[in-house]
>>> print(open('structure_12.cif').read())   # mmCIF, N, CA and C atoms
data_upload
loop_
_atom_site.label_atom_id
_atom_site.label_comp_id
_atom_site.auth_asym_id
_atom_site.auth_seq_id
_atom_site.Cartn_x
_atom_site.Cartn_y
_atom_site.Cartn_z
N MET A 131 14.16 11.36 -37.66
CA MET A 131 14.02 11.84 -36.31
C MET A 131 14.77 13.16 -36.17
N PHE A 132 14.24 14.05 -35.41
CA PHE A 132 14.87 15.34 -35.22
C PHE A 132 15.87 15.27 -34.09
N ASN A 133 16.95 15.98 -34.28
CA ASN A 133 17.95 16.06 -33.22
C ASN A 133 17.51 17.12 -32.21
N TYR A 134 17.60 16.80 -30.95
CA TYR A 134 17.27 17.72 -29.88
C TYR A 134 18.46 18.65 -29.68
N VAL A 135 18.27 19.95 -29.76
CA VAL A 135 19.36 20.92 -29.78
C VAL A 135 20.09 20.97 -28.45
N ASN A 136 19.42 21.02 -27.34
CA ASN A 136 20.06 21.20 -26.04
C ASN A 136 20.39 19.88 -25.35
N GLY A 137 20.16 18.80 -25.98
CA GLY A 137 20.44 17.52 -25.36
C GLY A 137 19.51 16.46 -25.91
N ASN A 138 19.75 15.26 -25.54
CA ASN A 138 18.96 14.15 -26.03
C ASN A 138 17.99 13.72 -24.93
N PRO A 139 16.69 13.94 -25.12
CA PRO A 139 15.75 13.61 -24.06
C PRO A 139 15.60 12.11 -23.84
N PHE A 140 16.00 11.29 -24.77
CA PHE A 140 15.84 9.85 -24.65
C PHE A 140 17.08 9.16 -24.14
N GLY A 141 18.21 9.87 -24.10
CA GLY A 141 19.45 9.29 -23.59
C GLY A 141 20.08 8.29 -24.55
N GLN A 142 19.71 8.36 -25.80
CA GLN A 142 20.29 7.45 -26.79
C GLN A 142 21.00 8.24 -27.87
N LYS A 143 21.91 7.55 -28.51
CA LYS A 143 22.65 8.17 -29.60
C LYS A 143 21.71 8.30 -30.80
N ILE A 144 21.71 9.47 -31.40
CA ILE A 144 20.86 9.72 -32.56
C ILE A 144 21.78 9.80 -33.78
N GLU A 145 21.47 8.98 -34.76
CA GLU A 145 22.26 8.98 -35.99
C GLU A 145 21.45 9.62 -37.09
N SER A 146 22.11 10.42 -37.88
CA SER A 146 21.41 11.01 -39.01
C SER A 146 21.40 10.01 -40.17
N ALA A 147 20.65 10.27 -41.18
CA ALA A 147 20.55 9.38 -42.34
C ALA A 147 21.87 9.30 -43.08
N VAL A 148 22.64 10.37 -43.08
CA VAL A 148 23.93 10.39 -43.77
C VAL A 148 24.90 9.43 -43.09
N SER A 149 24.99 9.47 -41.76
CA SER A 149 25.93 8.59 -41.06
C SER A 149 25.49 7.13 -41.16
N THR A 150 24.21 6.86 -41.24
CA THR A 150 23.73 5.49 -41.40
C THR A 150 24.13 4.96 -42.77
N GLY A 151 24.02 5.77 -43.80
CA GLY A 151 24.43 5.38 -45.14
C GLY A 151 25.93 5.12 -45.20
N GLN A 152 26.70 5.95 -44.51
CA GLN A 152 28.16 5.74 -44.48
C GLN A 152 28.50 4.45 -43.76
N GLY A 153 27.77 4.14 -42.70
CA GLY A 153 28.01 2.90 -41.96
C GLY A 153 27.75 1.69 -42.84
N GLN A 154 26.67 1.75 -43.61
CA GLN A 154 26.36 0.64 -44.51
C GLN A 154 27.43 0.52 -45.59
N GLN A 155 27.90 1.66 -46.08
CA GLN A 155 28.94 1.66 -47.10
C GLN A 155 30.25 1.10 -46.53
N GLN A 156 30.56 1.44 -45.28
CA GLN A 156 31.76 0.92 -44.65
C GLN A 156 31.65 -0.60 -44.45
N LYS A 157 30.46 -1.07 -44.04
CA LYS A 157 30.26 -2.52 -43.88
C LYS A 157 30.43 -3.24 -45.21
N LYS A 158 29.88 -2.66 -46.26
CA LYS A 158 30.00 -3.26 -47.58
C LYS A 158 31.47 -3.32 -48.01
N GLN A 159 32.19 -2.21 -47.79
CA GLN A 159 33.62 -2.17 -48.15
C GLN A 159 34.41 -3.18 -47.33
N GLN A 160 34.10 -3.28 -46.05
CA GLN A 160 34.78 -4.25 -45.18
C GLN A 160 34.52 -5.68 -45.65
N GLN A 161 33.27 -5.96 -46.05
CA GLN A 161 32.93 -7.29 -46.56
C GLN A 161 33.71 -7.60 -47.84
N GLU A 162 33.80 -6.62 -48.74
CA GLU A 162 34.57 -6.81 -49.97
C GLU A 162 36.05 -7.05 -49.67
N ASP A 163 36.59 -6.29 -48.72
CA ASP A 163 37.99 -6.47 -48.32
C ASP A 163 38.21 -7.86 -47.72
N ASP A 164 37.27 -8.30 -46.89
CA ASP A 164 37.38 -9.64 -46.30
C ASP A 164 37.31 -10.73 -47.37
N ASP A 165 36.41 -10.56 -48.34
CA ASP A 165 36.30 -11.53 -49.44
C ASP A 165 37.59 -11.59 -50.25
N GLU A 166 38.15 -10.42 -50.53
CA GLU A 166 39.40 -10.37 -51.30
C GLU A 166 40.54 -11.01 -50.52
N LYS A 167 40.59 -10.74 -49.22
CA LYS A 167 41.65 -11.31 -48.38
C LYS A 167 41.54 -12.84 -48.35
N ARG A 168 40.30 -13.36 -48.20
CA ARG A 168 40.11 -14.81 -48.21
C ARG A 168 40.52 -15.40 -49.56
N TYR A 169 40.20 -14.70 -50.64
CA TYR A 169 40.56 -15.17 -51.98
C TYR A 169 42.08 -15.22 -52.15
N LEU A 170 42.77 -14.20 -51.68
CA LEU A 170 44.23 -14.16 -51.82
C LEU A 170 44.91 -15.17 -50.92
N GLU A 171 44.33 -15.47 -49.77
CA GLU A 171 44.94 -16.42 -48.85
C GLU A 171 44.60 -17.86 -49.19
N ASP A 172 43.66 -18.05 -50.10
CA ASP A 172 43.28 -19.40 -50.49
C ASP A 172 44.47 -20.10 -51.12
N ASP A 173 44.75 -21.31 -50.68
CA ASP A 173 45.93 -22.04 -51.11
C ASP A 173 45.66 -22.88 -52.36
N ASP A 174 45.24 -22.23 -53.42
CA ASP A 174 45.12 -22.94 -54.69
C ASP A 174 46.51 -23.19 -55.23
N GLN A 175 46.67 -24.32 -55.86
CA GLN A 175 47.96 -24.61 -56.46
C GLN A 175 48.14 -23.74 -57.69
N ASP A 176 49.36 -23.29 -57.90
CA ASP A 176 49.67 -22.45 -59.04
C ASP A 176 49.97 -23.29 -60.28
N GLU A 177 49.58 -24.51 -60.26
CA GLU A 177 49.85 -25.42 -61.36
C GLU A 177 48.67 -25.41 -62.31
N VAL A 178 48.97 -25.25 -63.58
CA VAL A 178 47.93 -25.22 -64.59
C VAL A 178 48.09 -26.43 -65.48
N THR A 179 47.03 -27.16 -65.67
CA THR A 179 47.05 -28.30 -66.56
C THR A 179 46.51 -27.85 -67.90
N ILE A 180 47.38 -27.86 -68.90
CA ILE A 180 46.97 -27.38 -70.22
C ILE A 180 46.07 -28.41 -70.89
N SER A 181 46.45 -29.62 -70.82
CA SER A 181 45.63 -30.67 -71.43
C SER A 181 45.85 -31.95 -70.65
N GLN A 182 45.17 -32.97 -71.04
CA GLN A 182 45.29 -34.24 -70.35
C GLN A 182 46.34 -35.13 -71.02
N LEU A 183 47.50 -34.55 -71.30
CA LEU A 183 48.58 -35.32 -71.90
C LEU A 183 49.21 -36.22 -70.85
N PRO A 184 49.75 -37.36 -71.28
CA PRO A 184 50.39 -38.26 -70.31
C PRO A 184 51.71 -37.69 -69.81
N GLU A 185 52.11 -38.12 -68.64
CA GLU A 185 53.38 -37.69 -68.08
C GLU A 185 54.51 -38.31 -68.89
N LEU A 186 55.63 -37.59 -68.96
CA LEU A 186 56.76 -38.05 -69.75
C LEU A 186 57.62 -39.03 -68.97
N SER A 187 58.11 -40.03 -69.66
CA SER A 187 59.07 -40.96 -69.06
C SER A 187 60.48 -40.45 -69.36
N GLU A 188 61.46 -41.12 -68.80
CA GLU A 188 62.85 -40.71 -69.02
C GLU A 188 63.22 -40.83 -70.50
N ASP A 189 62.76 -41.87 -71.17
CA ASP A 189 63.04 -42.02 -72.60
C ASP A 189 62.39 -40.90 -73.41
N ASP A 190 61.18 -40.53 -73.03
CA ASP A 190 60.50 -39.43 -73.71
C ASP A 190 61.28 -38.13 -73.56
N VAL A 191 61.77 -37.87 -72.36
CA VAL A 191 62.52 -36.64 -72.11
C VAL A 191 63.82 -36.65 -72.91
N ASN A 192 64.51 -37.79 -72.95
CA ASN A 192 65.74 -37.88 -73.75
C ASN A 192 65.46 -37.56 -75.21
N TYR A 193 64.40 -38.13 -75.74
CA TYR A 193 64.03 -37.88 -77.13
C TYR A 193 63.71 -36.40 -77.35
N LEU A 194 62.91 -35.82 -76.47
CA LEU A 194 62.53 -34.41 -76.62
C LEU A 194 63.72 -33.48 -76.47
N VAL A 195 64.67 -33.83 -75.59
CA VAL A 195 65.87 -33.00 -75.43
C VAL A 195 66.66 -33.00 -76.74
N ASN A 196 66.84 -34.17 -77.32
CA ASN A 196 67.58 -34.24 -78.59
C ASN A 196 66.87 -33.48 -79.70
N GLU A 197 65.56 -33.60 -79.77
CA GLU A 197 64.79 -32.86 -80.77
C GLU A 197 64.90 -31.35 -80.54
N TYR A 198 64.81 -30.92 -79.30
CA TYR A 198 64.89 -29.50 -78.97
C TYR A 198 66.28 -28.96 -79.30
N LYS A 199 67.30 -29.73 -78.98
CA LYS A 199 68.68 -29.33 -79.28
C LYS A 199 68.87 -29.18 -80.79
N THR A 200 68.38 -30.14 -81.56
CA THR A 200 68.49 -30.09 -83.02
C THR A 200 67.76 -28.88 -83.58
N LYS A 201 66.57 -28.62 -83.06
CA LYS A 201 65.78 -27.48 -83.52
C LYS A 201 66.51 -26.16 -83.24
N LEU A 202 67.09 -26.03 -82.04
CA LEU A 202 67.83 -24.81 -81.70
C LEU A 202 69.04 -24.63 -82.59
N LYS A 203 69.75 -25.71 -82.83
CA LYS A 203 70.95 -25.62 -83.69
C LYS A 203 70.57 -25.21 -85.11
N ASN A 204 69.48 -25.74 -85.62
CA ASN A 204 69.04 -25.38 -86.97
C ASN A 204 68.62 -23.91 -87.05
N GLU A 205 67.96 -23.42 -86.00
CA GLU A 205 67.52 -22.02 -85.99
C GLU A 205 68.68 -21.04 -85.90
N HIS A 206 69.77 -21.45 -85.24
CA HIS A 206 70.89 -20.53 -84.98
C HIS A 206 72.18 -21.04 -85.61
N GLU A 207 72.08 -21.68 -86.77
CA GLU A 207 73.27 -22.25 -87.39
C GLU A 207 74.26 -21.20 -87.87
N ASP A 208 73.82 -19.97 -88.06
CA ASP A 208 74.71 -18.91 -88.52
C ASP A 208 75.43 -18.19 -87.38
N ASN A 209 75.10 -18.46 -86.13
CA ASN A 209 75.71 -17.78 -84.99
C ASN A 209 76.54 -18.80 -84.18
N GLU A 210 77.85 -18.70 -84.32
CA GLU A 210 78.75 -19.67 -83.70
C GLU A 210 78.73 -19.59 -82.17
N LYS A 211 78.61 -18.39 -81.63
CA LYS A 211 78.58 -18.24 -80.16
C LYS A 211 77.36 -18.95 -79.56
N VAL A 212 76.22 -18.79 -80.19
CA VAL A 212 75.00 -19.43 -79.70
C VAL A 212 75.13 -20.94 -79.81
N LEU A 213 75.72 -21.43 -80.90
CA LEU A 213 75.91 -22.87 -81.06
C LEU A 213 76.81 -23.44 -79.96
N GLN A 214 77.84 -22.70 -79.59
CA GLN A 214 78.73 -23.14 -78.51
C GLN A 214 77.98 -23.18 -77.18
N LYS A 215 77.15 -22.18 -76.94
CA LYS A 215 76.38 -22.16 -75.69
C LYS A 215 75.36 -23.29 -75.65
N ILE A 216 74.76 -23.59 -76.79
CA ILE A 216 73.81 -24.71 -76.86
C ILE A 216 74.51 -26.01 -76.54
N ASP A 217 75.68 -26.22 -77.18
CA ASP A 217 76.45 -27.46 -76.91
C ASP A 217 76.86 -27.54 -75.45
N LYS A 218 77.29 -26.42 -74.88
CA LYS A 218 77.71 -26.41 -73.48
C LYS A 218 76.53 -26.74 -72.56
N PHE A 219 75.37 -26.12 -72.81
CA PHE A 219 74.19 -26.35 -71.98
C PHE A 219 73.75 -27.81 -72.04
N PHE A 220 73.63 -28.35 -73.25
CA PHE A 220 73.16 -29.71 -73.39
C PHE A 220 74.24 -30.74 -73.05
N GLY A 221 75.50 -30.32 -73.05
CA GLY A 221 76.57 -31.21 -72.61
C GLY A 221 76.49 -31.48 -71.11
N LYS A 222 76.03 -30.49 -70.36
CA LYS A 222 75.89 -30.61 -68.90
C LYS A 222 74.50 -31.09 -68.48
N PHE A 223 73.60 -31.23 -69.43
CA PHE A 223 72.20 -31.53 -69.14
C PHE A 223 72.06 -32.95 -68.57
N ASP A 224 71.43 -33.04 -67.40
CA ASP A 224 71.20 -34.33 -66.74
C ASP A 224 69.69 -34.59 -66.71
N VAL A 225 69.26 -35.61 -67.44
CA VAL A 225 67.84 -35.90 -67.58
C VAL A 225 67.21 -36.28 -66.25
N LYS A 226 67.89 -37.09 -65.46
CA LYS A 226 67.32 -37.54 -64.18
C LYS A 226 67.13 -36.36 -63.23
N ARG A 227 68.11 -35.49 -63.16
CA ARG A 227 67.99 -34.32 -62.29
C ARG A 227 66.88 -33.39 -62.79
N PHE A 228 66.81 -33.23 -64.11
CA PHE A 228 65.78 -32.40 -64.71
C PHE A 228 64.39 -32.93 -64.39
N MET A 229 64.22 -34.24 -64.45
CA MET A 229 62.92 -34.84 -64.14
C MET A 229 62.61 -34.75 -62.66
N LYS A 230 63.63 -34.80 -61.82
CA LYS A 230 63.41 -34.68 -60.38
C LYS A 230 62.97 -33.26 -60.03
N GLN A 231 63.54 -32.26 -60.71
CA GLN A 231 63.17 -30.87 -60.47
C GLN A 231 61.79 -30.54 -61.03
N ASN A 232 61.36 -31.28 -62.05
CA ASN A 232 60.08 -31.02 -62.71
C ASN A 232 59.25 -32.29 -62.78
N PRO A 233 58.69 -32.72 -61.67
CA PRO A 233 57.90 -33.97 -61.69
C PRO A 233 56.56 -33.77 -62.39
N HIS A 234 55.98 -34.87 -62.84
CA HIS A 234 54.66 -34.87 -63.48
C HIS A 234 54.61 -33.96 -64.70
N MET A 235 55.67 -33.99 -65.49
CA MET A 235 55.81 -33.10 -66.63
C MET A 235 55.17 -33.72 -67.88
N THR A 236 54.47 -32.88 -68.63
CA THR A 236 53.92 -33.31 -69.91
C THR A 236 54.77 -32.70 -71.01
N ALA A 237 54.47 -33.02 -72.26
CA ALA A 237 55.24 -32.48 -73.38
C ALA A 237 55.13 -30.96 -73.45
N SER A 238 53.96 -30.42 -73.17
CA SER A 238 53.78 -28.96 -73.16
C SER A 238 54.61 -28.31 -72.06
N ASP A 239 54.62 -28.93 -70.89
CA ASP A 239 55.43 -28.42 -69.78
C ASP A 239 56.91 -28.43 -70.16
N PHE A 240 57.34 -29.51 -70.79
CA PHE A 240 58.74 -29.64 -71.20
C PHE A 240 59.13 -28.48 -72.11
N ASN A 241 58.31 -28.19 -73.11
CA ASN A 241 58.63 -27.11 -74.04
C ASN A 241 58.70 -25.75 -73.35
N MET A 242 57.80 -25.49 -72.42
CA MET A 242 57.84 -24.22 -71.69
C MET A 242 59.09 -24.12 -70.82
N ILE A 243 59.43 -25.19 -70.15
CA ILE A 243 60.60 -25.19 -69.28
C ILE A 243 61.88 -25.02 -70.09
N MET A 244 61.99 -25.76 -71.18
CA MET A 244 63.19 -25.66 -72.01
C MET A 244 63.32 -24.28 -72.63
N PHE A 245 62.22 -23.70 -73.04
CA PHE A 245 62.28 -22.34 -73.57
C PHE A 245 62.83 -21.37 -72.51
N ASN A 246 62.33 -21.47 -71.30
CA ASN A 246 62.81 -20.60 -70.22
C ASN A 246 64.28 -20.84 -69.91
N GLU A 247 64.72 -22.07 -69.98
CA GLU A 247 66.11 -22.41 -69.67
C GLU A 247 67.06 -21.93 -70.77
N THR A 248 66.66 -22.01 -72.01
CA THR A 248 67.57 -21.70 -73.12
C THR A 248 67.45 -20.26 -73.61
N SER A 249 66.39 -19.57 -73.28
CA SER A 249 66.19 -18.21 -73.81
C SER A 249 67.26 -17.24 -73.31
N ARG A 250 67.84 -17.48 -72.17
CA ARG A 250 68.82 -16.55 -71.61
C ARG A 250 70.10 -16.49 -72.45
N PHE A 251 70.53 -17.57 -73.07
CA PHE A 251 71.76 -17.50 -73.85
C PHE A 251 71.51 -17.43 -75.36
N ILE A 252 70.28 -17.55 -75.76
CA ILE A 252 69.97 -17.42 -77.20
C ILE A 252 69.74 -15.97 -77.58
N ASN A 253 69.13 -15.20 -76.71
CA ASN A 253 68.82 -13.79 -77.02
C ASN A 253 70.00 -12.90 -76.80
#
>>> encode(input="structure_12.cif", output="structure tokens")
Amino acid sequence: MFNYVNGNPFGQKIESAVSTGQGQQQKKQQQEDDDEKRYLEDDDQDEVTISQLPELSEDDVNYLVNEYKTKLKNEHEDNEKVLQKIDKFFGKFDVKRFMKQNPHMTASDFNMIMFNETSRFIN
């Protein structure tokens, strides 16, 4: 449609093809932004299940703690400071409190948690 130079004889807003394309592009961008916002606000749990391993019991955790402690001591047997820190950490270790802080834990979860807990004084 042609734009009337001295005024609009129909009394309506006349849009050019360029502004219509920009409007469609803005709507598309707004839709993408809304989709992204909904995705980010979605309350998915941040818990990842690696496998269908059974949950650990208190006896299982005790056994794994002793195995992990032994493995760490064997890996760092030449460094006396690290050995002292390992003994100090596991001397204060409370299995019941650990299980309360990390419910529904599997063996894989246990290894990841213990690595994060012990890496600060081993490195």
>>> atom_distance(input="structure_12.cif", atom1="atom CA of A:Lys218", atom2="atom CA of A:Asn241")
19.1 Å
>>> atom_distance(input="structure_12.cif", atom1="atom N of A:Ile216", atom2="atom CA of A:His234")
26.6 Å
>>> select_by_dssp(input="structure_12.cif", residues="stretch 162-237 of chain A", states="helix (DSSP H, G or I)", output="number ranges by chain")
A: 162-171, 188-205, 210-221, 225-231, 237
>>> atom_distance(input="structure_12.cif", atom1="atom C of A:Val225", atom2="atom CA of A:Phe245")
16.5 Å
>>> closest_residue(input="structure_12.cif", among="A:Asp190, A:Ser238, A:Asn196, A:Phe251", to="A:Lys215", atoms="all atoms listed in the file")
A:Phe251
>>> closest_residue(input="structure_12.cif", among="A:Asn209, A:Asp239, A:Pro233, A:Gln152", to="A:Asn253", atoms="only C-alpha atoms")
A:Asn209
>>> resolve_selection(input="structure_12.cif", expression="the PyMOL selection byres ((chain A and resi 184) around 7)", output="mmCIF file with N, CA and C atoms, keeping the file's coordinate frame")
data_model
loop_
_atom_site.group_PDB
_atom_site.id
_atom_site.type_symbol
_atom_site.label_atom_id
_atom_site.label_comp_id
_atom_site.auth_asym_id
_atom_site.auth_seq_id
_atom_site.Cartn_x
_atom_site.Cartn_y
_atom_site.Cartn_z
ATOM 1 N N SER A 181 46.450 -29.620 -70.820
ATOM 2 C CA SER A 181 45.630 -30.670 -71.430
ATOM 3 C C SER A 181 45.850 -31.950 -70.650
ATOM 4 N N GLN A 182 45.170 -32.970 -71.040
ATOM 5 C CA GLN A 182 45.290 -34.240 -70.350
ATOM 6 C C GLN A 182 46.340 -35.130 -71.020
ATOM 7 N N LEU A 183 47.500 -34.550 -71.300
ATOM 8 C CA LEU A 183 48.580 -35.320 -71.900
ATOM 9 C C LEU A 183 49.210 -36.220 -70.850
ATOM 10 N N GLU A 185 52.110 -38.120 -68.640
ATOM 11 C CA GLU A 185 53.380 -37.690 -68.080
ATOM 12 C C GLU A 185 54.510 -38.310 -68.890
ATOM 13 N N LEU A 186 55.630 -37.590 -68.960
ATOM 14 C CA LEU A 186 56.760 -38.050 -69.750
ATOM 15 C C LEU A 186 57.620 -39.030 -68.970
ATOM 16 N N SER A 187 58.110 -40.030 -69.660
ATOM 17 C CA SER A 187 59.070 -40.960 -69.060
ATOM 18 C C SER A 187 60.480 -40.450 -69.360
ATOM 19 N N HIS A 234 55.980 -34.870 -62.840
ATOM 20 C CA HIS A 234 54.660 -34.870 -63.480
ATOM 21 C C HIS A 234 54.610 -33.960 -64.700
ATOM 22 N N MET A 235 55.670 -33.990 -65.490
ATOM 23 C CA MET A 235 55.810 -33.100 -66.630
ATOM 24 C C MET A 235 55.170 -33.720 -67.880
ATOM 25 N N THR A 236 54.470 -32.880 -68.630
ATOM 26 C CA THR A 236 53.920 -33.310 -69.910
ATOM 27 C C THR A 236 54.770 -32.700 -71.010
ATOM 28 N N ALA A 237 54.470 -33.020 -72.260
ATOM 29 C CA ALA A 237 55.240 -32.480 -73.380
ATOM 30 C C ALA A 237 55.130 -30.960 -73.450
#
>>> axis_aligned_box(input="structure_12.cif", around="stretch 226-245 of chain A", padding_each_side="8 Å", output="JSON")
{"center_x": 60.9, "center_y": -29.5, "center_z": -67.0, "size_x": 30.3, "size_y": 32.2, "size_z": 30.0}
>>> closest_residue(input="structure_12.cif", among="A:Leu170, A:Leu194, A:Met242, A:Ile252", to="A:Lys211", atoms="all atoms listed in the file")
A:Ile252
>>> residues_around(input="structure_12.cif", residues="A:Lys203", least_positions_apart="6", cutoff="8 Å", atoms="all atoms listed in the file", output="ChimeraX atom specification")
/A:197,212-213,216
